[in-house]
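Asker: This is entry_14.cif, which holds mmCIF, C-alpha atoms:
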data_target
loop_
_atom_site.group_PDB
_atom_site.id
_atom_site.type_symbol
_atom_site.label_atom_id
_atom_site.label_comp_id
_atom_site.auth_asym_id
_atom_site.auth_seq_id
_atom_site.Cartn_x
_atom_site.Cartn_y
_atom_site.Cartn_z
ATOM 1 C CA MET A 3 -13.254 -26.279 -16.489
ATOM 2 C CA VAL A 4 -11.672 -27.890 -13.446
ATOM 3 C CA ILE A 5 -8.686 -25.572 -13.701
ATOM 4 C CA MET A 6 -11.013 -22.571 -13.793
ATOM 5 C CA THR A 7 -12.705 -23.650 -10.585
ATOM 6 C CA LEU A 8 -9.374 -24.253 -8.899
ATOM 7 C CA ASP A 9 -8.239 -20.782 -9.919
ATOM 8 C CA LEU A 10 -11.357 -19.280 -8.439
ATOM 9 C CA ILE A 11 -10.982 -21.185 -5.162
ATOM 10 C CA PHE A 12 -7.367 -20.093 -4.928
ATOM 11 C CA PHE A 13 -8.401 -16.495 -5.572
ATOM 12 C CA LEU A 14 -11.111 -16.611 -2.909
ATOM 13 C CA ILE A 15 -8.793 -18.042 -0.257
ATOM 14 C CA LEU A 16 -6.150 -15.433 -1.044
ATOM 15 C CA SER A 17 -8.613 -12.554 -0.999
ATOM 16 C CA LEU A 18 -10.015 -13.727 2.335
ATOM 17 C CA THR A 19 -6.445 -13.711 3.669
ATOM 18 C CA ALA A 20 -5.832 -10.246 2.255
ATOM 19 C CA ILE A 21 -8.995 -8.778 3.736
ATOM 20 C CA SER A 22 -8.585 -10.414 7.129
ATOM 21 C CA THR A 23 -4.955 -9.312 7.469
ATOM 22 C CA ALA A 24 -5.972 -5.768 6.487
ATOM 23 C CA LEU A 25 -8.673 -5.858 9.165
ATOM 24 C CA GLY A 26 -6.131 -7.237 11.634
ATOM 25 C CA MET A 27 -3.856 -4.303 10.830
ATOM 26 C CA LEU A 28 -6.752 -1.932 11.396
ATOM 27 C CA LEU A 29 -8.059 -3.438 14.631
ATOM 28 C CA SER A 30 -5.064 -4.634 16.634
ATOM 29 C CA ARG A 31 -4.147 -2.436 19.575
ATOM 30 C CA ASN A 32 -0.412 -3.016 19.345
ATOM 31 C CA ALA A 33 1.406 -1.213 16.520
ATOM 32 C CA VAL A 34 3.934 -4.058 16.167
ATOM 33 C CA TYR A 35 1.124 -6.545 15.472
ATOM 34 C CA SER A 36 -0.331 -4.083 12.975
ATOM 35 C CA ALA A 37 2.978 -3.910 11.130
ATOM 36 C CA LEU A 38 3.298 -7.702 11.029
ATOM 37 C CA PHE A 39 -0.279 -8.086 9.736
ATOM 38 C CA LEU A 40 0.559 -5.559 7.037
ATOM 39 C CA VAL A 41 3.640 -7.580 6.024
ATOM 40 C CA LEU A 42 1.386 -10.614 5.562
ATOM 41 C CA ASN A 43 -1.029 -8.510 3.525
ATOM 42 C CA PHE A 44 1.790 -7.300 1.241
ATOM 43 C CA ILE A 45 2.960 -10.866 0.664
ATOM 44 C CA THR A 46 -0.601 -11.905 -0.233
ATOM 45 C CA VAL A 47 -0.808 -9.049 -2.732
ATOM 46 C CA ALA A 48 2.539 -10.198 -4.162
ATOM 47 C CA ILE A 49 0.970 -13.618 -4.815
ATOM 48 C CA PHE A 50 -1.893 -11.837 -6.597
ATOM 49 C CA TYR A 51 0.696 -10.158 -8.833
ATOM 50 C CA LEU A 52 2.130 -13.579 -9.668
ATOM 51 C CA LEU A 53 -1.374 -14.778 -10.557
ATOM 52 C CA LEU A 54 -1.783 -11.741 -12.809
ATOM 53 C CA GLY A 55 1.412 -12.569 -14.669
ATOM 54 C CA ALA A 56 3.606 -9.825 -13.173
ATOM 55 C CA PRO A 57 6.567 -11.666 -11.586
ATOM 56 C CA PHE A 58 8.874 -8.637 -11.504
ATOM 57 C CA ILE A 59 6.352 -6.502 -9.619
ATOM 58 C CA ALA A 60 5.719 -9.390 -7.231
ATOM 59 C CA MET A 61 9.392 -9.638 -6.354
ATOM 60 C CA ALA A 62 9.710 -5.858 -6.052
ATOM 61 C CA GLN A 63 6.709 -5.920 -3.729
ATOM 62 C CA VAL A 64 8.323 -8.513 -1.475
ATOM 63 C CA THR A 65 11.742 -6.868 -1.349
ATOM 64 C CA VAL A 66 10.759 -3.198 -1.238
ATOM 65 C CA TYR A 67 7.436 -3.242 0.615
ATOM 66 C CA ALA A 68 7.552 -6.307 2.828
ATOM 67 C CA GLY A 69 11.309 -6.060 3.240
ATOM 68 C CA ALA A 70 12.588 -2.494 3.323
ATOM 69 C CA ILE A 71 9.569 -0.353 4.108
ATOM 70 C CA MET A 72 8.057 -2.535 6.825
ATOM 71 C CA VAL A 73 11.428 -3.072 8.504
ATOM 72 C CA LEU A 74 11.767 0.710 8.630
ATOM 73 C CA PHE A 75 8.304 0.900 10.197
ATOM 74 C CA LEU A 76 9.116 -1.734 12.818
ATOM 75 C CA PHE A 77 12.391 -0.016 13.562
ATOM 76 C CA VAL A 78 10.673 3.332 14.180
ATOM 77 C CA ILE A 79 7.901 1.745 16.282
ATOM 78 C CA MET A 80 10.449 0.099 18.546
ATOM 79 C CA LEU A 81 12.731 3.154 18.585
ATOM 80 C CA LEU A 82 9.923 5.395 19.782
ATOM 81 C CA GLY A 83 8.399 2.783 22.089
ATOM 82 C CA ALA A 84 5.066 3.649 20.519
ATOM 83 C CA GLU A 85 3.464 0.199 20.537
ATOM 84 C CA SER A 86 0.218 1.499 21.949
ATOM 85 C CA LEU A 87 -1.164 4.845 22.952
ATOM 86 C CA PRO A 88 -2.658 5.597 26.350
ATOM 87 C CA LYS A 89 -6.429 5.747 26.503
ATOM 88 C CA ALA A 90 -7.867 9.122 25.730
ATOM 89 C CA LYS A 91 -11.337 10.490 25.303
ATOM 90 C CA VAL A 92 -12.660 9.722 21.870
ATOM 91 C CA LEU A 93 -15.384 11.388 19.923
ATOM 92 C CA PRO A 94 -18.419 9.091 20.210
ATOM 93 C CA TRP A 95 -19.714 9.791 16.728
ATOM 94 C CA GLN A 96 -16.350 9.382 14.987
ATOM 95 C CA LYS A 97 -16.303 5.614 14.463
ATOM 96 C CA PRO A 98 -19.916 5.117 13.291
ATOM 97 C CA LEU A 99 -19.591 8.057 10.926
ATOM 98 C CA ALA A 100 -16.290 6.736 9.555
ATOM 99 C CA GLY A 101 -17.828 3.289 9.026
ATOM 100 C CA LEU A 102 -20.838 4.749 7.249
ATOM 101 C CA LEU A 103 -18.687 6.911 4.958
ATOM 102 C CA ALA A 104 -16.373 3.973 4.243
ATOM 103 C CA VAL A 105 -19.236 1.686 3.225
ATOM 104 C CA ALA A 106 -20.551 4.445 0.975
ATOM 105 C CA LEU A 107 -17.097 4.824 -0.582
ATOM 106 C CA ALA A 108 -16.701 1.096 -1.177
ATOM 107 C CA VAL A 109 -20.107 0.766 -2.828
ATOM 108 C CA GLU A 110 -19.518 3.859 -4.920
ATOM 109 C CA ALA A 111 -16.053 2.799 -6.072
ATOM 110 C CA THR A 112 -17.253 -0.691 -6.987
ATOM 111 C CA VAL A 113 -20.289 0.566 -8.897
ATOM 112 C CA ILE A 114 -18.315 3.173 -10.830
ATOM 113 C CA PHE A 115 -15.539 0.731 -11.674
ATOM 114 C CA LEU A 116 -17.953 -1.925 -12.829
ATOM 115 C CA THR A 117 -20.299 0.292 -14.825
ATOM 116 C CA ARG A 118 -18.250 3.193 -16.186
ATOM 117 C CA ALA A 119 -14.845 1.629 -16.670
ATOM 118 C CA ARG A 120 -16.402 -1.500 -18.188
ATOM 119 C CA PRO A 121 -13.517 -3.794 -17.293
ATOM 120 C CA ILE A 122 -15.074 -6.635 -19.209
ATOM 121 C CA GLY A 123 -12.898 -9.628 -19.733
ATOM 122 C CA GLU A 124 -10.731 -11.954 -17.792
ATOM 123 C CA VAL A 125 -7.199 -11.538 -16.619
ATOM 124 C CA ALA A 126 -4.589 -13.220 -18.721
ATOM 125 C CA GLN A 127 -3.664 -16.669 -17.535
ATOM 126 C CA PRO A 128 -0.128 -16.762 -16.149
ATOM 127 C CA ASP A 129 0.999 -18.931 -18.994
ATOM 128 C CA ALA A 130 3.740 -21.401 -18.237
ATOM 129 C CA ALA A 131 4.848 -21.223 -21.870
ATOM 130 C CA VAL A 132 5.591 -17.502 -21.621
ATOM 131 C CA ASN A 133 8.741 -17.741 -19.598
ATOM 132 C CA THR A 134 9.770 -15.174 -17.046
ATOM 133 C CA VAL A 135 12.863 -14.035 -18.929
ATOM 134 C CA THR A 136 10.912 -12.876 -21.985
ATOM 135 C CA ASN A 137 8.424 -11.144 -19.735
ATOM 136 C CA LEU A 138 11.195 -9.301 -17.884
ATOM 137 C CA ARG A 139 12.947 -8.336 -21.105
ATOM 138 C CA ALA A 140 9.762 -6.848 -22.560
ATOM 139 C CA LEU A 141 9.122 -4.978 -19.319
ATOM 140 C CA GLY A 142 12.648 -3.549 -19.331
ATOM 141 C CA ASP A 143 12.312 -2.539 -22.976
ATOM 142 C CA THR A 144 9.141 -0.595 -22.246
ATOM 143 C CA LEU A 145 10.604 0.982 -19.122
ATOM 144 C CA PHE A 146 13.796 2.224 -20.755
ATOM 145 C CA THR A 147 12.292 3.492 -23.999
ATOM 146 C CA GLN A 148 8.766 4.733 -23.525
ATOM 147 C CA TYR A 149 9.113 5.621 -19.834
ATOM 148 C CA LEU A 150 12.738 6.749 -19.714
ATOM 149 C CA LEU A 151 12.040 10.312 -18.556
ATOM 150 C CA PRO A 152 9.785 9.307 -15.621
ATOM 151 C CA PHE A 153 12.454 6.794 -14.638
ATOM 152 C CA GLU A 154 15.103 9.512 -14.444
ATOM 153 C CA VAL A 155 12.740 11.825 -12.559
ATOM 154 C CA THR A 156 12.169 9.018 -10.041
ATOM 155 C CA SER A 157 15.883 8.877 -9.337
ATOM 156 C CA ILE A 158 15.867 12.607 -8.567
ATOM 157 C CA LEU A 159 12.834 12.104 -6.324
ATOM 158 C CA LEU A 160 14.632 9.386 -4.364
ATOM 159 C CA LEU A 161 17.690 11.614 -4.008
ATOM 160 C CA VAL A 162 15.541 14.487 -2.711
ATOM 161 C CA ALA A 163 13.809 12.152 -0.236
ATOM 162 C CA MET A 164 17.156 10.910 1.047
ATOM 163 C CA VAL A 165 18.527 14.436 1.517
ATOM 164 C CA GLY A 166 15.250 15.504 3.133
ATOM 165 C CA ALA A 167 15.312 12.655 5.640
ATOM 166 C CA ILE A 168 18.929 13.398 6.574
ATOM 167 C CA VAL A 169 18.217 17.118 7.001
ATOM 168 C CA LEU A 170 15.195 16.374 9.202
ATOM 169 C CA ILE A 171 17.017 13.923 11.448
ATOM 170 C CA ARG A 172 20.385 15.608 11.979
ATOM 171 C CA LYS A 173 21.096 17.515 15.152
ATOM 172 C CA GLU A 174 20.660 21.283 15.203
ATOM 173 C CA LYS A 175 23.997 23.044 15.341
ATOM 174 C CA ARG A 176 24.311 25.811 17.893
ATOM 175 C CA VAL A 177 24.870 29.099 16.127
ATOM 176 C CA HIS A 178 27.046 30.574 18.857
ATOM 177 C CA MET B 19 -9.412 -17.649 -15.166
ATOM 178 C CA VAL B 20 -10.724 -15.174 -12.670
ATOM 179 C CA PRO B 21 -12.831 -12.269 -13.977
ATOM 180 C CA VAL B 22 -11.077 -8.957 -13.526
ATOM 181 C CA ASN B 23 -14.138 -7.588 -11.742
ATOM 182 C CA TYR B 24 -13.238 -9.697 -8.703
ATOM 183 C CA TYR B 25 -9.830 -8.067 -8.508
ATOM 184 C CA ILE B 26 -11.415 -4.622 -8.757
ATOM 185 C CA ILE B 27 -13.868 -5.373 -5.953
ATOM 186 C CA LEU B 28 -11.043 -6.717 -3.775
ATOM 187 C CA SER B 29 -9.049 -3.571 -4.511
ATOM 188 C CA ALA B 30 -12.001 -1.368 -3.501
ATOM 189 C CA ILE B 31 -12.420 -3.295 -0.230
ATOM 190 C CA LEU B 32 -8.733 -2.996 0.669
ATOM 191 C CA PHE B 33 -8.773 0.716 -0.175
ATOM 192 C CA THR B 34 -11.806 1.210 2.055
ATOM 193 C CA ILE B 35 -10.141 -0.548 4.985
ATOM 194 C CA GLY B 36 -7.225 1.858 4.540
ATOM 195 C CA VAL B 37 -9.606 4.826 4.559
ATOM 196 C CA VAL B 38 -11.224 3.599 7.795
ATOM 197 C CA GLY B 39 -7.762 3.306 9.338
ATOM 198 C CA VAL B 40 -6.927 6.904 8.466
ATOM 199 C CA LEU B 41 -10.294 8.140 9.751
ATOM 200 C CA THR B 42 -10.458 6.291 13.061
ATOM 201 C CA ARG B 43 -6.973 5.556 14.432
ATOM 202 C CA ARG B 44 -5.009 8.104 16.472
ATOM 203 C CA ASN B 45 -1.565 6.527 16.243
ATOM 204 C CA ALA B 46 0.348 8.387 13.523
ATOM 205 C CA LEU B 47 2.276 5.234 12.570
ATOM 206 C CA ILE B 48 -0.913 3.228 12.018
ATOM 207 C CA ILE B 49 -2.361 6.064 9.927
ATOM 208 C CA PHE B 50 0.792 5.865 7.847
ATOM 209 C CA MET B 51 0.438 2.098 7.440
ATOM 210 C CA SER B 52 -3.161 2.585 6.308
ATOM 211 C CA ILE B 53 -1.911 4.945 3.613
ATOM 212 C CA GLU B 54 0.469 2.206 2.452
ATOM 213 C CA LEU B 55 -2.492 -0.185 2.314
ATOM 214 C CA MET B 56 -4.402 2.250 0.099
ATOM 215 C CA LEU B 57 -1.416 2.597 -2.260
ATOM 216 C CA ASN B 58 -1.265 -1.175 -2.432
ATOM 217 C CA ALA B 59 -4.943 -1.446 -3.324
ATOM 218 C CA ALA B 60 -4.432 1.028 -6.159
ATOM 219 C CA ASN B 61 -1.428 -0.999 -7.351
ATOM 220 C CA LEU B 62 -3.540 -4.141 -7.467
ATOM 221 C CA ALA B 63 -6.123 -2.387 -9.647
ATOM 222 C CA PHE B 64 -3.365 -1.127 -11.960
ATOM 223 C CA VAL B 65 -1.890 -4.587 -12.472
ATOM 224 C CA ALA B 66 -5.328 -6.160 -12.971
ATOM 225 C CA PHE B 67 -6.343 -3.638 -15.644
ATOM 226 C CA GLY B 68 -2.931 -3.920 -17.297
ATOM 227 C CA SER B 69 -3.362 -7.676 -17.428
ATOM 228 C CA VAL B 70 -6.724 -7.295 -19.177
ATOM 229 C CA ILE B 71 -5.462 -4.980 -21.916
ATOM 230 C CA LYS B 72 -2.230 -7.021 -22.160
ATOM 231 C CA SER B 73 0.029 -4.008 -21.731
ATOM 232 C CA PHE B 74 3.083 -3.433 -19.557
ATOM 233 C CA SER B 75 2.038 0.119 -18.709
ATOM 234 C CA GLY B 76 0.124 -1.000 -15.627
ATOM 235 C CA GLN B 77 3.154 -2.782 -14.221
ATOM 236 C CA ILE B 78 5.394 0.191 -14.926
ATOM 237 C CA PHE B 79 3.011 2.521 -13.108
ATOM 238 C CA VAL B 80 3.162 0.183 -10.123
ATOM 239 C CA PHE B 81 6.946 0.257 -10.297
ATOM 240 C CA PHE B 82 6.886 4.065 -10.062
ATOM 241 C CA ILE B 83 4.313 4.000 -7.262
ATOM 242 C CA ILE B 84 6.541 1.670 -5.235
ATOM 243 C CA ALA B 85 9.479 4.067 -5.692
ATOM 244 C CA VAL B 86 7.363 7.048 -4.626
ATOM 245 C CA ALA B 87 6.044 5.106 -1.614
ATOM 246 C CA ALA B 88 9.600 4.351 -0.512
ATOM 247 C CA ALA B 89 10.512 8.051 -0.716
ATOM 248 C CA GLU B 90 7.338 8.974 1.147
ATOM 249 C CA VAL B 91 8.055 6.520 3.950
ATOM 250 C CA ALA B 92 11.614 7.804 4.398
ATOM 251 C CA VAL B 93 10.511 11.425 4.757
ATOM 252 C CA GLY B 94 7.324 10.653 6.689
ATOM 253 C CA LEU B 95 9.033 8.520 9.312
ATOM 254 C CA ALA B 96 11.711 11.206 9.748
ATOM 255 C CA LEU B 97 8.912 13.708 10.373
ATOM 256 C CA ILE B 98 7.227 11.382 12.890
ATOM 257 C CA VAL B 99 10.510 10.940 14.778
ATOM 258 C CA GLU B 100 10.944 14.732 14.893
ATOM 259 C CA ILE B 101 7.373 15.216 16.144
ATOM 260 C CA PHE B 102 7.963 12.576 18.810
ATOM 261 C CA LYS B 103 11.090 14.420 19.944
ATOM 262 C CA SER B 104 9.199 17.656 20.509
ATOM 263 C CA LYS B 105 5.811 16.322 21.743
ATOM 264 C CA HIS B 106 6.834 12.981 23.338
ATOM 265 C CA SER B 107 3.785 11.390 21.724
ATOM 266 C CA ILE B 108 2.657 10.320 18.267
ATOM 267 C CA ASP B 109 -1.015 10.744 19.029
ATOM 268 C CA VAL B 110 -2.362 12.869 16.191
ATOM 269 C CA ASP B 111 -4.837 14.493 18.591
ATOM 270 C CA GLN B 112 -1.850 16.063 20.382
ATOM 271 C CA MET B 113 -0.656 17.768 17.212
ATOM 272 C CA SER B 114 -3.020 20.686 17.544
ATOM 273 C CA SER B 115 -0.662 23.592 18.226
ATOM 274 C CA LEU B 116 -2.110 25.590 15.342
ATOM 275 C CA LYS B 117 -5.708 25.099 16.489
ATOM 276 C CA GLY B 118 -7.428 28.409 17.136
#
Could you write out this structure as structure tokens?
Answerer:
Amino acid sequence: MVIMTLDLIFFLILSLTAISTALGMLLSRNAVYSALFLVLNFITVAIFYLLLGAPFIAMAQVTVYAGAIMVLFLFVIMLLGAESLPKAKVLPWQKPLAGLLAVALAVEATVIFLTRARPIGEVAQPDAAVNTVTNLRALGDTLFTQYLLPFEVTSILLLVAMVGAIVLIRKEKRVH
Amino acid sequence: MVPVNYYIILSAILFTIGVVGVLTRRNALIIFMSIELMLNAANLAFVAFGSVIKSFSGQIFVFFIIAVAAAEVAVGLALIVEIFKSKHSIDVDQMSSLKG
């Protein structure tokens, strides 16, 4: 019973962190601060993955999202010098309307998830007895048998993205 | 143990914050970051549901989503750099050349 309460307190603190860093990303005027808030948010979500018993995904989240992707973002922000945009005229009705639609979306998504999907039950306890190696082995087994074709298609997708980025960035050659 | 409903509600809130970012910000890079936040919220829901039904499928979907997000960021940032080269701004309001 005590452990359950502790779990819940831990969850609440983490979700407060996640929501406040997401809001910080949304509201800060400087794009560099936004990127750093988002890094913190990704790390918080990685801790949620650990709580849900998904250590591999948590590590992939930290290395790929918080590491590679956000470094790329920071690099582009500083390369372009695009920390903040100059003031411009804004549509007066845009922000209230966006807020209204967003609240509607959040309520709708929550209600549909909780009533139609019926996700009744509790998440599995990250059991200390189930060690990480067995977990990883089972994950790899599923990935390379049941999901082998999507895995191969993903490699082609990454190749196409790489070629696409290089083609977009390279200098135009003069024809004559 | 935490009920899975809490994770789903948290996921919906994070997704909504991402939607507000896309709707209200003008900086193309911040819009892009908001899209990443939405992908992340969906990932959280996937892992939570997968944990309830005790299946690895949720985690494997998240694995694929992370790979697709990496590809998307590579191409998207290349596009933003190209747009900056021609317009000297990444304000999405400036990208209205096709407007009638």
Asker: Any idea what's packed within 8 Å of range 82-84 of chain A, counting all atoms listed in the file, ignoring anything in its chain fewer than 3 positions away? Could you give it as a list of chain:residue names?
Answerer: A:Ala33, A:Val78, A:Ile79, A:Leu87, B:Val99, B:Phe102, B:Ser107, B:Ile108
Asker: Write the selection just made, keeping C-alpha atoms, as a tab-separated table (two decimals), keeping the file's coordinate frame?
Answerer:
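Output below, filename selection32.tsv:
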chain	number	residue	atom	x	y	z
A	33	ALA	CA	1.41	-1.21	16.52
A	78	VAL	CA	10.67	3.33	14.18
A	79	ILE	CA	7.90	1.74	16.28
A	87	LEU	CA	-1.16	4.84	22.95
B	99	VAL	CA	10.51	10.94	14.78
B	102	PHE	CA	7.96	12.58	18.81
B	107	SER	CA	3.78	11.39	21.72
B	108	ILE	CA	2.66	10.32	18.27
Asker: When you get a sec, could you note down which chain B residues fall within 7 Å of chain A, using all atoms listed in the file, as a PyMOL selection string?
Answerer: chain B and resi 19-23+27-28+30-32+34-35+37-39+41-42+45+48+66+69-70+74+77-78+81+88-89+92-93+96-97
Asker: Could you tell me how far CA of Ser75 in chain B sits from CA of Arg139 in chain A, in Å to one decimal place?
Answerer: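 Interatomic distance, CA of Arg139 in chain A to CA of Ser75 in chain B: 14.0 Å.
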Asker: So which residues are close to (5.1, 7.8, 12.4), meaning at most 7 Å away in the file's coordinates with only C-alpha atoms counted, and can you show them as number ranges by chain?
Answerer: B: 46-47, 50, 94-95, 98-99, 108
Asker: What separation in Å, quoted to one decimal, exists between CA of Leu57 in chain B and CA of Glu100 in chain B?
Answerer: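 Atom-to-atom, CA of Leu57 in chain B and CA of Glu100 in chain B are spaced 24.4 Å apart.
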Asker: If I take CA of Met51 in chain B and CA of Tyr25 in chain B, how far is one from the other in Å, to one decimal?
Answerer: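 Going from CA of Met51 in chain B over to CA of Tyr25 in chain B, I get 21.5 Å.
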Asker: To verify the selection step, state as number ranges by chain which residues the PyMOL selection byres ((chain B and resi 64) around 9) yields on this input.
Answerer: B: 59-63, 65-69, 75-77, 79-80
Asker: Could you check which of A:Val73, A:Leu52, A:Val41, A:Leu16 is closest to Leu55 in chain B, using only C-alpha atoms?
Answerer: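 Using only C-alpha atoms, the shortest distance to Leu55 in chain B belongs to A:Val41.
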Asker: As AutoDock Vina command-line options, what would the box around range 96-113 of chain A look like: edges along x, y and z, 8 Å added on every side, centre and edge lengths in Å to one decimal?
Answerer:
--center_x -18.4 --center_y 4.3 --center_z 3.0 --size_x 20.8 --size_y 26.1 --size_z 39.9
